[in-house]
file input-v7.tsv (TSV, C-alpha atoms and all ligand atoms)
chain	number	residue	atom	x	y	z
A	1	MET	CA	-27.01	104.71	157.25
A	2	ILE	CA	-23.58	103.22	156.88
A	3	GLU	CA	-23.61	99.67	155.62
A	4	LEU	CA	-20.95	97.43	157.14
A	5	GLU	CA	-19.31	94.95	154.87
A	6	LYS	CA	-17.77	91.68	156.09
A	7	ILE	CA	-14.46	91.07	154.50
A	8	ALA	CA	-11.35	88.97	155.28
A	9	CYS	CA	-7.82	90.31	155.71
A	10	SER	CA	-5.80	88.95	152.80
A	11	ASN	CA	-2.74	88.70	155.05
A	12	CYS	CA	-3.93	86.89	158.18
A	13	GLY	CA	-7.49	85.95	157.27
A	14	ALA	CA	-9.03	87.82	160.21
A	15	PRO	CA	-12.63	88.88	159.58
A	16	LEU	CA	-13.05	92.63	159.26
A	17	GLU	CA	-16.13	94.81	159.19
A	18	VAL	CA	-15.70	97.92	157.11
A	19	PRO	CA	-18.08	100.64	155.95
A	20	ASP	CA	-18.84	100.07	152.25
A	21	SER	CA	-17.73	103.61	151.44
A	22	VAL	CA	-14.16	102.93	152.52
A	23	ASP	CA	-11.42	101.87	150.12
A	24	PHE	CA	-8.54	101.35	152.52
A	25	VAL	CA	-8.39	99.72	155.91
A	26	THR	CA	-5.79	98.60	158.43
A	27	CYS	CA	-6.30	95.08	159.76
A	28	ASN	CA	-6.90	95.35	163.52
A	29	HIS	CA	-5.42	91.90	163.95
A	30	CYS	CA	-2.11	92.00	162.05
A	31	THR	CA	-1.96	95.78	161.28
A	32	THR	CA	-1.42	95.18	157.55
A	33	GLN	CA	-2.61	98.06	155.39
A	34	LEU	CA	-5.19	96.78	152.96
A	35	SER	CA	-6.85	98.03	149.84
A	36	ILE	CA	-10.45	96.93	149.40
A	37	ARG	CA	-11.32	95.70	145.94
A	38	ARG	CA	-14.93	95.40	144.92
A	39	THR	CA	-16.40	93.69	141.91
A	40	GLU	CA	-20.11	93.30	141.28
A	41	SER	CA	-20.24	89.94	142.99
A	42	VAL	CA	-17.42	89.94	145.50
A	43	SER	CA	-15.30	92.15	147.74
A	44	TYR	CA	-11.80	91.25	148.84
A	45	THR	CA	-8.71	92.84	150.25
A	46	GLU	CA	-5.22	93.19	148.89
A	47	LYS	CA	-2.08	94.25	150.69
A	48	LEU	CA	-1.46	97.89	149.85
A	49	GLU	CA	2.17	97.23	148.89
A	50	GLN	CA	0.89	94.69	146.35
A	51	VAL	CA	-1.40	97.31	144.85
A	52	THR	CA	1.45	99.81	144.61
A	53	ALA	CA	3.67	97.19	142.97
A	54	ASP	CA	0.94	96.36	140.45
A	55	GLN	CA	0.49	100.04	139.67
A	56	ALA	CA	4.24	100.49	139.18
A	57	GLN	CA	4.24	97.54	136.82
A	58	LEU	CA	1.27	98.89	134.91
A	59	ARG	CA	2.96	102.25	134.68
A	60	GLU	CA	6.11	100.63	133.29
A	61	ARG	CA	4.10	98.80	130.69
A	62	LEU	CA	2.30	101.98	129.70
A	63	VAL	CA	5.61	103.79	129.33
A	64	ASP	CA	6.81	100.93	127.14
A	65	LEU	CA	3.63	101.02	125.05
A	66	GLU	CA	4.01	104.75	124.68
A	67	ARG	CA	7.57	104.30	123.41
A	68	GLN	CA	6.39	101.74	120.85
A	69	ASN	CA	3.68	104.15	119.83
A	70	ARG	CA	6.14	107.01	119.42
A	71	LEU	CA	8.52	104.83	117.41
A	72	ALA	CA	5.72	103.66	115.14
A	73	THR	CA	4.50	107.21	114.56
A	74	LEU	CA	8.02	108.43	113.88
A	75	ALA	CA	8.70	105.60	111.40
A	76	ARG	CA	5.40	106.25	109.63
A	77	ASN	CA	6.11	109.97	109.36
A	78	TRP	CA	9.60	109.29	108.07
A	79	GLU	CA	8.37	106.86	105.41
A	80	ARG	CA	5.94	109.53	104.24
A	81	HIS	CA	8.49	112.33	104.40
A	82	LYS	CA	11.26	110.54	102.51
A	83	LYS	CA	8.99	109.82	99.54
A	84	GLN	CA	9.55	113.37	98.29
A	85	TYR	CA	13.26	112.57	97.86
A	86	GLU	CA	12.84	109.27	96.05
A	87	ILE	CA	14.27	109.01	92.55
A	88	HIS	CA	12.40	106.60	90.30
A	89	LYS	CA	14.38	105.40	87.36
A	90	ASP	CA	14.15	102.23	85.25
A	91	GLY	CA	11.65	100.77	87.72
A	92	LYS	CA	14.07	101.19	90.60
A	93	THR	CA	13.82	103.56	93.53
A	94	SER	CA	16.90	105.24	94.94
A	95	MET	CA	17.67	108.10	97.27
A	96	PRO	CA	19.67	111.17	96.17
A	97	SER	CA	23.40	110.97	96.85
A	98	GLU	CA	25.87	113.85	96.95
A	99	VAL	CA	28.36	111.87	94.83
A	100	GLY	CA	25.63	111.25	92.24
A	101	GLY	CA	24.97	115.00	92.05
A	102	ILE	CA	28.64	115.80	91.52
A	103	VAL	CA	29.08	113.07	88.89
A	104	GLY	CA	25.99	114.32	87.04
A	105	MET	CA	27.28	117.87	87.15
A	106	ILE	CA	30.73	116.93	85.79
A	107	MET	CA	29.23	114.78	83.06
A	108	GLY	CA	26.86	117.55	82.00
A	109	ALA	CA	29.67	120.08	82.00
A	110	VAL	CA	32.08	117.88	80.03
A	111	ILE	CA	29.52	116.93	77.39
A	112	GLY	CA	28.40	120.58	77.15
A	113	ILE	CA	31.96	121.83	76.66
A	114	PHE	CA	32.65	119.07	74.15
A	115	ILE	CA	29.60	120.09	72.10
A	116	ALA	CA	30.51	123.78	72.40
A	117	ILE	CA	34.00	123.06	71.02
A	118	ALA	CA	33.21	120.39	68.44
A	119	ALA	CA	29.84	121.48	67.08
A	120	PRO	CA	29.74	123.74	64.04
A	121	GLY	CA	28.53	127.36	64.14
A	122	PRO	CA	25.25	128.05	65.97
A	123	MET	CA	25.19	124.49	67.40
A	124	LYS	CA	27.86	125.74	69.86
A	125	LEU	CA	25.07	127.55	71.72
A	126	PHE	CA	23.41	124.22	72.29
A	127	GLY	CA	26.62	123.07	74.00
A	128	LEU	CA	26.55	126.07	76.33
A	129	LEU	CA	22.91	125.40	77.13
A	130	PHE	CA	23.73	121.75	77.87
A	131	PHE	CA	26.58	122.89	80.11
A	132	ALA	CA	24.31	125.26	82.08
A	133	VAL	CA	21.48	122.76	82.46
A	134	GLY	CA	23.93	120.05	83.53
A	135	VAL	CA	25.53	122.22	86.18
A	136	ILE	CA	22.20	123.46	87.53
A	137	ALA	CA	20.72	119.96	87.66
A	138	GLY	CA	23.86	118.65	89.36
A	139	LEU	CA	23.84	121.40	91.98
A	140	ARG	CA	20.16	120.85	92.60
A	141	SER	CA	20.48	117.13	93.12
A	142	GLN	CA	23.50	117.69	95.35
A	143	SER	CA	21.57	120.07	97.57
A	144	LEU	CA	18.64	117.65	97.64
A	145	ALA	CA	21.02	114.93	98.76
A	146	LYS	CA	22.34	117.17	101.54
A	147	GLN	CA	18.82	117.91	102.70
A	148	TYR	CA	17.87	114.25	102.60
A	149	ASN	CA	20.94	113.27	104.61
A	150	ARG	CA	20.17	115.93	107.19
A	151	ASP	CA	16.56	114.76	107.53
A	152	TYR	CA	17.72	111.17	107.79
A	153	ARG	CA	20.15	112.05	110.58
A	154	ASN	CA	17.36	113.87	112.43
A	155	TYR	CA	15.15	110.84	112.09
A	156	ARG	CA	17.87	108.56	113.46
A	157	ARG	CA	18.46	110.94	116.35
A	158	SER	CA	14.77	111.09	117.26
A	159	ARG	CA	14.65	107.29	117.18
A	160	LYS	CA	17.63	107.03	119.49
A	161	GLU	CA	16.11	109.56	121.88
A	162	ILE	CA	12.88	107.59	122.11
A	163	LEU	CA	14.76	104.32	122.64
A	164	ALA	CA	16.88	105.95	125.33
A	165	GLY	CA	13.68	107.03	127.09
A	166	LYS	CA	14.21	110.75	126.65
A	167	HIS	CA	10.47	111.41	126.47
A	168	ASP	CA	9.52	109.04	129.26
A	169	SER	CA	9.52	111.74	131.92
A	170	ASP	CA	6.94	113.86	130.03
A	171	PHE	CA	4.84	110.79	129.68
A	172	ASN	CA	5.29	109.85	133.32
A	173	GLU	CA	4.10	113.32	134.19
A	174	ARG	CA	0.92	112.75	132.20
A	175	LEU	CA	0.57	109.37	133.87
A	176	LYS	CA	0.22	110.86	137.36
A	177	SER	CA	-3.29	109.60	137.27
A	178	VAL	CA	-2.84	106.22	135.65
A	179	PRO	CA	-5.48	105.76	132.97
A	180	THR	CA	-7.31	102.49	132.74
A	181	PRO	CA	-6.16	100.26	129.87
A	182	ARG	CA	-9.37	101.13	128.04
A	183	GLU	CA	-8.75	104.86	128.40
A	184	TYR	CA	-5.21	104.37	127.22
A	185	LEU	CA	-6.29	102.39	124.15
A	186	GLU	CA	-8.80	105.08	123.29
A	187	GLN	CA	-6.06	107.68	123.59
A	188	LEU	CA	-3.81	105.59	121.32
A	189	GLU	CA	-6.53	105.29	118.73
A	190	GLU	CA	-7.01	109.03	118.80
A	191	ASP	CA	-3.27	109.64	118.38
A	192	VAL	CA	-3.14	107.31	115.39
A	193	ARG	CA	-5.99	109.16	113.71
B	201	ZN	ZN	-4.74	90.82	159.13
call {"tool": "encode", "arguments": {"input": "input-v7.tsv", "output": "structure tokens"}}
result
Amino acid sequence: MIELEKIACSNCGAPLEVPDSVDFVTCNHCTTQLSIRRTESVSYTEKLEQVTADQAQLRERLVDLERQNRLATLARNWERHKKQYEIHKDGKTSMPSEVGGIVGMIMGAVIGIFIAIAAPGPMKLFGLLFFAVGVIAGLRSQSLAKQYNRDYRNYRRSRKEILAGKHDSDFNERLKSVPTPREYLEQLEEDVR
């Protein structure tokens, strides 16, 4: 048997009788389209346009949350990734620079050549070795610096893309059925893990 529920139109206050299985109703007095909300203790109606506006607002907030989440994940990944480039020296941390690599290479080469010229006899070989090691180390740190700069640019670009909302449409697609805040939080927690 269908139970009829007494409920008031939230627009004009007219009393309505609706089957308790129905979620939407049109007021037969003012023709407003209504959504029926039910809690454990009370049922009430809301104008449908209000519901749609609330959903749009919720959607916007979810998109914003998702952006924050993406930014946070990106920043965390970058912090982790850039550690492999860090140079620790004299208790200070610096990042590789291309100029630093070139300077190191020139210094190694000059000192190596100087030793090769000035040192007596077999010590000249030591100069050549110094030269080779200096050049190799310089080239290596220069290429590291290039790699680091490239990664850093990629990171900046990804950040810009997120801020510009480039991924919002994918997310909107997934939001077709808007999750409840609880579902969304659970999803966030899973993503963080
Ligand atoms: Zn009404």
call {"tool": "residues_near_ligand", "arguments": {"input": "input-v7.tsv", "ligand": "ligand ZN 201 (chain B)", "cutoff": "12 Å", "atoms": "all atoms listed in the file", "output": "MDAnalysis selection string"}}
result
chainID A and resid 7:16 25:35 45:47
call {"tool": "write_last_selection", "arguments": {"input": "input-v7.tsv", "atoms": "C-alpha atoms", "output": "PDB file, in the coordinates of the input"}}
result
ATOM      1  CA  ILE A   7     -14.460  91.070 154.500  1.00  0.00           C
ATOM      2  CA  ALA A   8     -11.350  88.970 155.280  1.00  0.00           C
ATOM      3  CA  CYS A   9      -7.820  90.310 155.710  1.00  0.00           C
ATOM      4  CA  SER A  10      -5.800  88.950 152.800  1.00  0.00           C
ATOM      5  CA  ASN A  11      -2.740  88.700 155.050  1.00  0.00           C
ATOM      6  CA  CYS A  12      -3.930  86.890 158.180  1.00  0.00           C
ATOM      7  CA  GLY A  13      -7.490  85.950 157.270  1.00  0.00           C
ATOM      8  CA  ALA A  14      -9.030  87.820 160.210  1.00  0.00           C
ATOM      9  CA  PRO A  15     -12.630  88.880 159.580  1.00  0.00           C
ATOM     10  CA  LEU A  16     -13.050  92.630 159.260  1.00  0.00           C
ATOM     11  CA  VAL A  25      -8.390  99.720 155.910  1.00  0.00           C
ATOM     12  CA  THR A  26      -5.790  98.600 158.430  1.00  0.00           C
ATOM     13  CA  CYS A  27      -6.300  95.080 159.760  1.00  0.00           C
ATOM     14  CA  ASN A  28      -6.900  95.350 163.520  1.00  0.00           C
ATOM     15  CA  HIS A  29      -5.420  91.900 163.950  1.00  0.00           C
ATOM     16  CA  CYS A  30      -2.110  92.000 162.050  1.00  0.00           C
ATOM     17  CA  THR A  31      -1.960  95.780 161.280  1.00  0.00           C
ATOM     18  CA  THR A  32      -1.420  95.180 157.550  1.00  0.00           C
ATOM     19  CA  GLN A  33      -2.610  98.060 155.390  1.00  0.00           C
ATOM     20  CA  LEU A  34      -5.190  96.780 152.960  1.00  0.00           C
ATOM     21  CA  SER A  35      -6.850  98.030 149.840  1.00  0.00           C
ATOM     22  CA  THR A  45      -8.710  92.840 150.250  1.00  0.00           C
ATOM     23  CA  GLU A  46      -5.220  93.190 148.890  1.00  0.00           C
ATOM     24  CA  LYS A  47      -2.080  94.250 150.690  1.00  0.00           C
TER      25      LYS A  47
END
call {"tool": "residues_near_point", "arguments": {"input": "input-v7.tsv", "point": "(-21.9, 102.7, 156.6)", "cutoff": "10 Å", "atoms": "all atoms listed in the file", "output": "list in words"}}
result
Met1, Ile2, Glu3, Leu4, Glu5, Val18, Pro19, Asp20, Ser21 and Val22 of chain A
call {"tool": "residues_around", "arguments": {"input": "input-v7.tsv", "residues": "Glu173 (chain A)", "least_positions_apart": "5", "cutoff": "12 Å", "atoms": "all atoms listed in the file", "output": "list of chain:residue names"}}
result
A:Arg59, A:Val63, A:His167, A:Asp168, A:Val178
call {"tool": "residues_around", "arguments": {"input": "input-v7.tsv", "residues": "region 150-159 of chain A", "least_positions_apart": "3", "cutoff": "12 Å", "atoms": "all atoms listed in the file", "output": "PyMOL selection string"}}
result
chain A and resi 67-79+81-82+84-85+95-98+143-147+162-167
call {"tool": "atom_distance", "arguments": {"input": "input-v7.tsv", "atom1": "CA of Ser41 (chain A)", "atom2": "CA of Leu58 (chain A)"}}
result
24.7 Å
call {"tool": "atom_distance", "arguments": {"input": "input-v7.tsv", "atom1": "CA of Ser141 (chain A)", "atom2": "CA of Ile102 (chain A)"}}
result
8.4 Å
call {"tool": "atom_distance", "arguments": {"input": "input-v7.tsv", "atom1": "CA of Thr52 (chain A)", "atom2": "CA of Ser169 (chain A)"}}
result
19.2 Å
call {"tool": "residues_around", "arguments": {"input": "input-v7.tsv", "residues": "region 126-140 of chain A", "least_positions_apart": "5", "cutoff": "10 Å", "atoms": "all atoms listed in the file", "output": "ChimeraX atom specification"}}
result
/A:98-119,145-146
